[in-house]
Amino acid sequence: MMWRPLLIEYTGDPLRLAGRIIVPLVVVAIGGMLGYAGLMLIALLIFVVVTGTAINLVKLRLSGMFRRVVVSERPKREIFSAYTTNFVLIYSAQFLPAMLAGAYFGGLVILPYAELSLILAAISGTFVGLVSRTLGSVHLYAVLVTVPLILLGITTSPVRALVPMGYVIGDVELTWAGVIPLLVVGISYLVLLSYASRL
């Protein structure tokens, strides 16, 4: 459907695709050698996924395809759920080597939280893309979303245990509270679908 041209564009150039996989891996590996693997991984996930997901949705808006999709008979929740899911899959494949490198330095426990962080970033990016009208505004809104997400991960307050980024970046003790980030991501997803259904 509407994401297919974006997928073709994303995977069309093998050299660029290889760079999209190798560069994050190298950055996280170097960060790991310096003791910052989790921070580098989260910074990459949040910035790339939020911005990339949002920009691609704005490109659809500027090409006129977004309007055709919104007025179609398919439920808007289904359309934007598929859009978000496809970008989660694309970015999960792109960042898998980087996440594995992060797990090498930070332990396997960070893998599910890195994936939850990626999902939260894709949800946030879809929301940013829905409210943005131009490429200029998408960059502004993306910064307004990405900076707080990263700050939530590095804060020393107990709030850190509520978001998946905190488990990837820092030494958050894994207890029963480790399920709360899953609830946060789920609630964010429901909020996105509720907003999308009103378009």
# chains A, B, ... in the order shown; residues from 1 in each chain; ligands from 1
>>> closest_atom_pairs(of="range 93-134 of chain A", to="range 51-73 of chain A", cutoff="10 Å", atoms="only C-alpha atoms", output="Markdown table")
| residue | atom | partner | partner_atom | distance |
| --- | --- | --- | --- | --- |
| A:Ala121 | CA | A:Thr53 | CA | 8.6 |
| A:Ala122 | CA | A:Thr53 | CA | 6.2 |
| A:Ile123 | CA | A:Thr53 | CA | 8.5 |
| A:Ser124 | CA | A:Ala54 | CA | 8.2 |
| A:Gly125 | CA | A:Ala54 | CA | 4.5 |
| A:Thr126 | CA | A:Ala54 | CA | 5.4 |
| A:Phe127 | CA | A:Ala54 | CA | 7.4 |
| A:Val128 | CA | A:Ala54 | CA | 5.6 |
| A:Gly129 | CA | A:Ala54 | CA | 3.9 |
| A:Leu130 | CA | A:Leu57 | CA | 7.1 |
| A:Val131 | CA | A:Val58 | CA | 9.1 |
| A:Ser132 | CA | A:Val58 | CA | 6.8 |
| A:Arg133 | CA | A:Val58 | CA | 6.7 |
| A:Thr134 | CA | A:Val58 | CA | 6.6 |
>>> residues_around(residues="Leu100 in chain A", least_positions_apart="6", cutoff="10 Å", atoms="only C-alpha atoms", output="ChimeraX atom specification")
/A:25,28-29,106-108,110-111,114
>>> write_last_selection(atoms="C-alpha atoms", output="short mmCIF file (atom, residue, chain, number, x, y, z; two decimals), in the first residue's frame")
data_model
loop_
_atom_site.label_atom_id
_atom_site.label_comp_id
_atom_site.auth_asym_id
_atom_site.auth_seq_id
_atom_site.Cartn_x
_atom_site.Cartn_y
_atom_site.Cartn_z
CA LEU A 25 27.20 -0.89 14.26
CA VAL A 28 27.84 1.53 18.96
CA ALA A 29 31.02 -0.60 18.95
CA GLY A 106 25.66 -4.11 28.13
CA GLY A 107 24.30 -7.65 28.42
CA LEU A 108 21.51 -9.50 26.62
CA ILE A 110 19.09 -4.70 26.91
CA LEU A 111 17.86 -6.34 23.67
CA ALA A 114 16.27 -1.63 22.74
#
>>> closest_residue(among="A:Pro24, A:Leu162, A:Val179, A:Val88", to="Ala43 in chain A", atoms="only C-alpha atoms")
A:Pro24
>>> residues_around(residues="Met165 in chain A", least_positions_apart="2", cutoff="7 Å", atoms="only C-alpha atoms", output="PyMOL selection string")
chain A and resi 42+113-114+117+153+163+167-169
>>> write_last_selection(atoms="N, CA and C atoms", output="PDB file, in the first residue's frame")
ATOM      1  N   ILE A  42      20.871   4.152  21.951  1.00  0.00           N
ATOM      2  CA  ILE A  42      19.593   4.852  22.120  1.00  0.00           C
ATOM      3  C   ILE A  42      19.566   6.142  21.322  1.00  0.00           C
ATOM      4  N   TYR A 113      14.583  -4.231  25.517  1.00  0.00           N
ATOM      5  CA  TYR A 113      14.345  -2.809  25.793  1.00  0.00           C
ATOM      6  C   TYR A 113      14.818  -1.929  24.645  1.00  0.00           C
ATOM      7  N   ALA A 114      15.852  -2.353  23.938  1.00  0.00           N
ATOM      8  CA  ALA A 114      16.266  -1.626  22.735  1.00  0.00           C
ATOM      9  C   ALA A 114      15.179  -1.718  21.677  1.00  0.00           C
ATOM     10  N   SER A 117      12.373   0.482  22.679  1.00  0.00           N
ATOM     11  CA  SER A 117      12.749   1.881  22.410  1.00  0.00           C
ATOM     12  C   SER A 117      12.555   2.207  20.934  1.00  0.00           C
ATOM     13  N   GLY A 153      15.841   8.687  29.251  1.00  0.00           N
ATOM     14  CA  GLY A 153      16.714   7.535  29.412  1.00  0.00           C
ATOM     15  C   GLY A 153      17.926   7.796  30.272  1.00  0.00           C
ATOM     16  N   VAL A 163      10.558   3.988  31.305  1.00  0.00           N
ATOM     17  CA  VAL A 163      10.732   4.022  29.850  1.00  0.00           C
ATOM     18  C   VAL A 163      11.801   3.016  29.433  1.00  0.00           C
ATOM     19  N   TYR A 167      16.628   1.319  30.549  1.00  0.00           N
ATOM     20  CA  TYR A 167      17.208  -0.013  30.730  1.00  0.00           C
ATOM     21  C   TYR A 167      18.363  -0.272  29.764  1.00  0.00           C
ATOM     22  N   VAL A 168      18.375   0.470  28.656  1.00  0.00           N
ATOM     23  CA  VAL A 168      19.452   0.312  27.677  1.00  0.00           C
ATOM     24  C   VAL A 168      20.636   1.190  28.052  1.00  0.00           C
ATOM     25  N   ILE A 169      20.354   2.409  28.480  1.00  0.00           N
ATOM     26  CA  ILE A 169      21.427   3.371  28.751  1.00  0.00           C
ATOM     27  C   ILE A 169      22.112   3.122  30.087  1.00  0.00           C
TER      28      ILE A 169
END
>>> select_by_dssp(residues="chain A", states="helix (DSSP H, G or I)", output="ChimeraX atom specification")
/A:4-11,14-33,37-63,65-70,76-106,110-131,135-154,158-162,164-169,176-196
>>> residues_around(residues="Gly186 in chain A", least_positions_apart="3", cutoff="12 Å", atoms="only C-alpha atoms", output="JSON, numbers by chain")
{"A": [116, 117, 119, 120, 123, 163, 164, 179, 180, 181, 182, 183, 189, 190, 191, 192, 193]}
>>> write_last_selection(atoms="N, CA and C atoms", output="mmCIF file, in the first residue's frame")
data_model
loop_
_atom_site.group_PDB
_atom_site.id
_atom_site.type_symbol
_atom_site.label_atom_id
_atom_site.label_comp_id
_atom_site.auth_asym_id
_atom_site.auth_seq_id
_atom_site.Cartn_x
_atom_site.Cartn_y
_atom_site.Cartn_z
ATOM 1 N N LEU A 116 11.954 -2.237 22.271
ATOM 2 C CA LEU A 116 10.840 -1.411 22.751
ATOM 3 C C LEU A 116 11.117 0.071 22.507
ATOM 4 N N SER A 117 12.373 0.482 22.679
ATOM 5 C CA SER A 117 12.749 1.881 22.410
ATOM 6 C C SER A 117 12.555 2.207 20.934
ATOM 7 N N ILE A 119 10.431 0.704 18.895
ATOM 8 C CA ILE A 119 8.984 0.746 18.641
ATOM 9 C C ILE A 119 8.406 2.073 19.117
ATOM 10 N N LEU A 120 8.821 2.524 20.308
ATOM 11 C CA LEU A 120 8.355 3.811 20.821
ATOM 12 C C LEU A 120 8.779 4.949 19.898
ATOM 13 N N ILE A 123 6.522 4.871 16.800
ATOM 14 C CA ILE A 123 5.203 5.423 17.147
ATOM 15 C C ILE A 123 5.289 6.941 17.210
ATOM 16 N N VAL A 163 10.558 3.988 31.305
ATOM 17 C CA VAL A 163 10.732 4.022 29.850
ATOM 18 C C VAL A 163 11.801 3.016 29.433
ATOM 19 N N PRO A 164 11.658 2.422 28.255
ATOM 20 C CA PRO A 164 12.623 1.387 27.852
ATOM 21 C C PRO A 164 14.046 1.900 27.685
ATOM 22 N N VAL A 179 8.291 -4.401 33.476
ATOM 23 C CA VAL A 179 7.166 -4.543 32.535
ATOM 24 C C VAL A 179 6.517 -3.198 32.226
ATOM 25 N N ILE A 180 6.793 -2.189 33.033
ATOM 26 C CA ILE A 180 6.151 -0.882 32.839
ATOM 27 C C ILE A 180 6.481 -0.278 31.473
ATOM 28 N N PRO A 181 7.735 -0.359 30.980
ATOM 29 C CA PRO A 181 8.002 0.180 29.641
ATOM 30 C C PRO A 181 7.128 -0.449 28.555
ATOM 31 N N LEU A 182 6.794 -1.702 28.702
ATOM 32 C CA LEU A 182 5.900 -2.346 27.737
ATOM 33 C C LEU A 182 4.532 -1.686 27.763
ATOM 34 N N LEU A 183 4.041 -1.359 28.959
ATOM 35 C CA LEU A 183 2.758 -0.662 29.085
ATOM 36 C C LEU A 183 2.833 0.744 28.499
ATOM 37 N N TYR A 189 0.961 3.587 21.637
ATOM 38 C CA TYR A 189 0.407 3.040 20.397
ATOM 39 C C TYR A 189 -1.100 3.292 20.320
ATOM 40 N N LEU A 190 -1.801 3.079 21.414
ATOM 41 C CA LEU A 190 -3.254 3.324 21.440
ATOM 42 C C LEU A 190 -3.569 4.805 21.236
ATOM 43 N N VAL A 191 -2.753 5.682 21.821
ATOM 44 C CA VAL A 191 -2.943 7.128 21.629
ATOM 45 C C VAL A 191 -2.752 7.494 20.155
ATOM 46 N N LEU A 192 -1.711 6.926 19.526
ATOM 47 C CA LEU A 192 -1.467 7.187 18.108
ATOM 48 C C LEU A 192 -2.651 6.743 17.260
ATOM 49 N N LEU A 193 -3.144 5.528 17.498
ATOM 50 C CA LEU A 193 -4.261 5.025 16.700
ATOM 51 C C LEU A 193 -5.528 5.832 16.928
#
>>> residues_around(residues="Pro75 in chain A", least_positions_apart="5", cutoff="12 Å", atoms="only C-alpha atoms", output="ChimeraX atom specification")
/A:69-70,80-82,193-194,196-199
>>> atom_distance(atom1="CA of Ala93 in chain A", atom2="CA of Val184 in chain A")
23.0 Å
>>> residues_around(residues="Gly170 in chain A", least_positions_apart="4", cutoff="9 Å", atoms="only C-alpha atoms", output="count of residues only")
8
>>> atom_distance(atom1="CA of Pro97 in chain A", atom2="CA of Val159 in chain A")
28.5 Å
>>> closest_atom_pairs(of="range 29-66 of chain A", to="range 102-105 of chain A", cutoff="12 Å", atoms="only C-alpha atoms", output="tab-separated table")
residue	atom	partner	partner_atom	distance
A:Ala29	CA	A:Gly102	CA	7.3
A:Ile30	CA	A:Gly102	CA	10.3
A:Gly31	CA	A:Gly102	CA	8.9
A:Gly32	CA	A:Phe105	CA	5.9
A:Met33	CA	A:Phe105	CA	8.2
A:Leu34	CA	A:Phe105	CA	10.2
A:Gly35	CA	A:Phe105	CA	8.1
A:Tyr36	CA	A:Phe105	CA	8.9
A:Ala37	CA	A:Gly102	CA	5.4
A:Gly38	CA	A:Gly102	CA	6.0
A:Leu39	CA	A:Gly102	CA	9.3
A:Met40	CA	A:Gly102	CA	8.7
A:Leu41	CA	A:Gly102	CA	6.7
A:Ile42	CA	A:Gly102	CA	9.6
A:Leu44	CA	A:Gly102	CA	11.6
A:Leu45	CA	A:Gly102	CA	11.8
>>> write_last_selection(atoms="N, CA, C and O atoms", output="PDB file, in the first residue's frame")
ATOM      1  N   ALA A  29      29.816   0.131  18.548  1.00  0.00           N
ATOM      2  CA  ALA A  29      31.022  -0.597  18.949  1.00  0.00           C
ATOM      3  C   ALA A  29      32.073   0.357  19.523  1.00  0.00           C
ATOM      4  O   ALA A  29      32.671   0.070  20.572  1.00  0.00           O
ATOM      5  N   ILE A  30      32.270   1.486  18.875  1.00  0.00           N
ATOM      6  CA  ILE A  30      33.236   2.474  19.395  1.00  0.00           C
ATOM      7  C   ILE A  30      32.740   3.033  20.721  1.00  0.00           C
ATOM      8  O   ILE A  30      33.503   3.178  21.674  1.00  0.00           O
ATOM      9  N   GLY A  31      31.433   3.336  20.793  1.00  0.00           N
ATOM     10  CA  GLY A  31      30.862   3.807  22.052  1.00  0.00           C
ATOM     11  C   GLY A  31      31.027   2.786  23.161  1.00  0.00           C
ATOM     12  O   GLY A  31      31.301   3.144  24.311  1.00  0.00           O
ATOM     13  N   GLY A  32      30.893   1.493  22.811  1.00  0.00           N
ATOM     14  CA  GLY A  32      31.071   0.443  23.811  1.00  0.00           C
ATOM     15  C   GLY A  32      32.477   0.381  24.349  1.00  0.00           C
ATOM     16  O   GLY A  32      32.696   0.149  25.541  1.00  0.00           O
ATOM     17  N   MET A  33      33.455   0.612  23.486  1.00  0.00           N
ATOM     18  CA  MET A  33      34.855   0.617  23.929  1.00  0.00           C
ATOM     19  C   MET A  33      35.135   1.767  24.886  1.00  0.00           C
ATOM     20  O   MET A  33      36.035   1.689  25.717  1.00  0.00           O
ATOM     21  N   LEU A  34      34.324   2.819  24.765  1.00  0.00           N
ATOM     22  CA  LEU A  34      34.491   3.978  25.650  1.00  0.00           C
ATOM     23  C   LEU A  34      33.537   3.940  26.834  1.00  0.00           C
ATOM     24  O   LEU A  34      33.510   4.859  27.645  1.00  0.00           O
ATOM     25  N   GLY A  35      32.709   2.894  26.901  1.00  0.00           N
ATOM     26  CA  GLY A  35      31.770   2.754  28.016  1.00  0.00           C
ATOM     27  C   GLY A  35      30.417   3.389  27.792  1.00  0.00           C
ATOM     28  O   GLY A  35      29.657   3.578  28.748  1.00  0.00           O
ATOM     29  N   TYR A  36      30.086   3.713  26.551  1.00  0.00           N
ATOM     30  CA  TYR A  36      28.821   4.387  26.259  1.00  0.00           C
ATOM     31  C   TYR A  36      27.999   3.674  25.191  1.00  0.00           C
ATOM     32  O   TYR A  36      27.288   4.319  24.413  1.00  0.00           O
ATOM     33  N   ALA A  37      28.051   2.362  25.138  1.00  0.00           N
ATOM     34  CA  ALA A  37      27.335   1.612  24.095  1.00  0.00           C
ATOM     35  C   ALA A  37      25.837   1.856  24.161  1.00  0.00           C
ATOM     36  O   ALA A  37      25.186   2.111  23.146  1.00  0.00           O
ATOM     37  N   GLY A  38      25.268   1.788  25.363  1.00  0.00           N
ATOM     38  CA  GLY A  38      23.828   1.978  25.522  1.00  0.00           C
ATOM     39  C   GLY A  38      23.375   3.366  25.108  1.00  0.00           C
ATOM     40  O   GLY A  38      22.371   3.521  24.414  1.00  0.00           O
ATOM     41  N   LEU A  39      24.125   4.370  25.517  1.00  0.00           N
ATOM     42  CA  LEU A  39      23.783   5.745  25.165  1.00  0.00           C
ATOM     43  C   LEU A  39      23.851   5.966  23.663  1.00  0.00           C
ATOM     44  O   LEU A  39      22.949   6.563  23.063  1.00  0.00           O
ATOM     45  N   MET A  40      24.911   5.451  23.033  1.00  0.00           N
ATOM     46  CA  MET A  40      25.044   5.624  21.581  1.00  0.00           C
ATOM     47  C   MET A  40      23.933   4.889  20.843  1.00  0.00           C
ATOM     48  O   MET A  40      23.367   5.403  19.870  1.00  0.00           O
ATOM     49  N   LEU A  41      23.587   3.691  21.315  1.00  0.00           N
ATOM     50  CA  LEU A  41      22.525   2.923  20.677  1.00  0.00           C
ATOM     51  C   LEU A  41      21.192   3.649  20.768  1.00  0.00           C
ATOM     52  O   LEU A  41      20.482   3.783  19.774  1.00  0.00           O
ATOM     53  N   ILE A  42      20.871   4.152  21.951  1.00  0.00           N
ATOM     54  CA  ILE A  42      19.593   4.852  22.120  1.00  0.00           C
ATOM     55  C   ILE A  42      19.566   6.142  21.322  1.00  0.00           C
ATOM     56  O   ILE A  42      18.554   6.473  20.690  1.00  0.00           O
ATOM     57  N   LEU A  44      21.089   6.823  18.542  1.00  0.00           N
ATOM     58  CA  LEU A  44      20.881   6.459  17.134  1.00  0.00           C
ATOM     59  C   LEU A  44      19.443   6.008  16.883  1.00  0.00           C
ATOM     60  O   LEU A  44      18.800   6.441  15.928  1.00  0.00           O
ATOM     61  N   LEU A  45      18.945   5.113  17.732  1.00  0.00           N
ATOM     62  CA  LEU A  45      17.582   4.601  17.546  1.00  0.00           C
ATOM     63  C   LEU A  45      16.563   5.728  17.556  1.00  0.00           C
ATOM     64  O   LEU A  45      15.714   5.824  16.666  1.00  0.00           O
TER      65      LEU A  45
END
>>> atom_distance(atom1="CA of Leu15 in chain A", atom2="CA of Leu118 in chain A")
23.5 Å
>>> closest_residue(among="A:Thr146, A:Glu78, A:Pro158, A:Thr175", to="Val109 in chain A", atoms="only C-alpha atoms")
A:Thr175
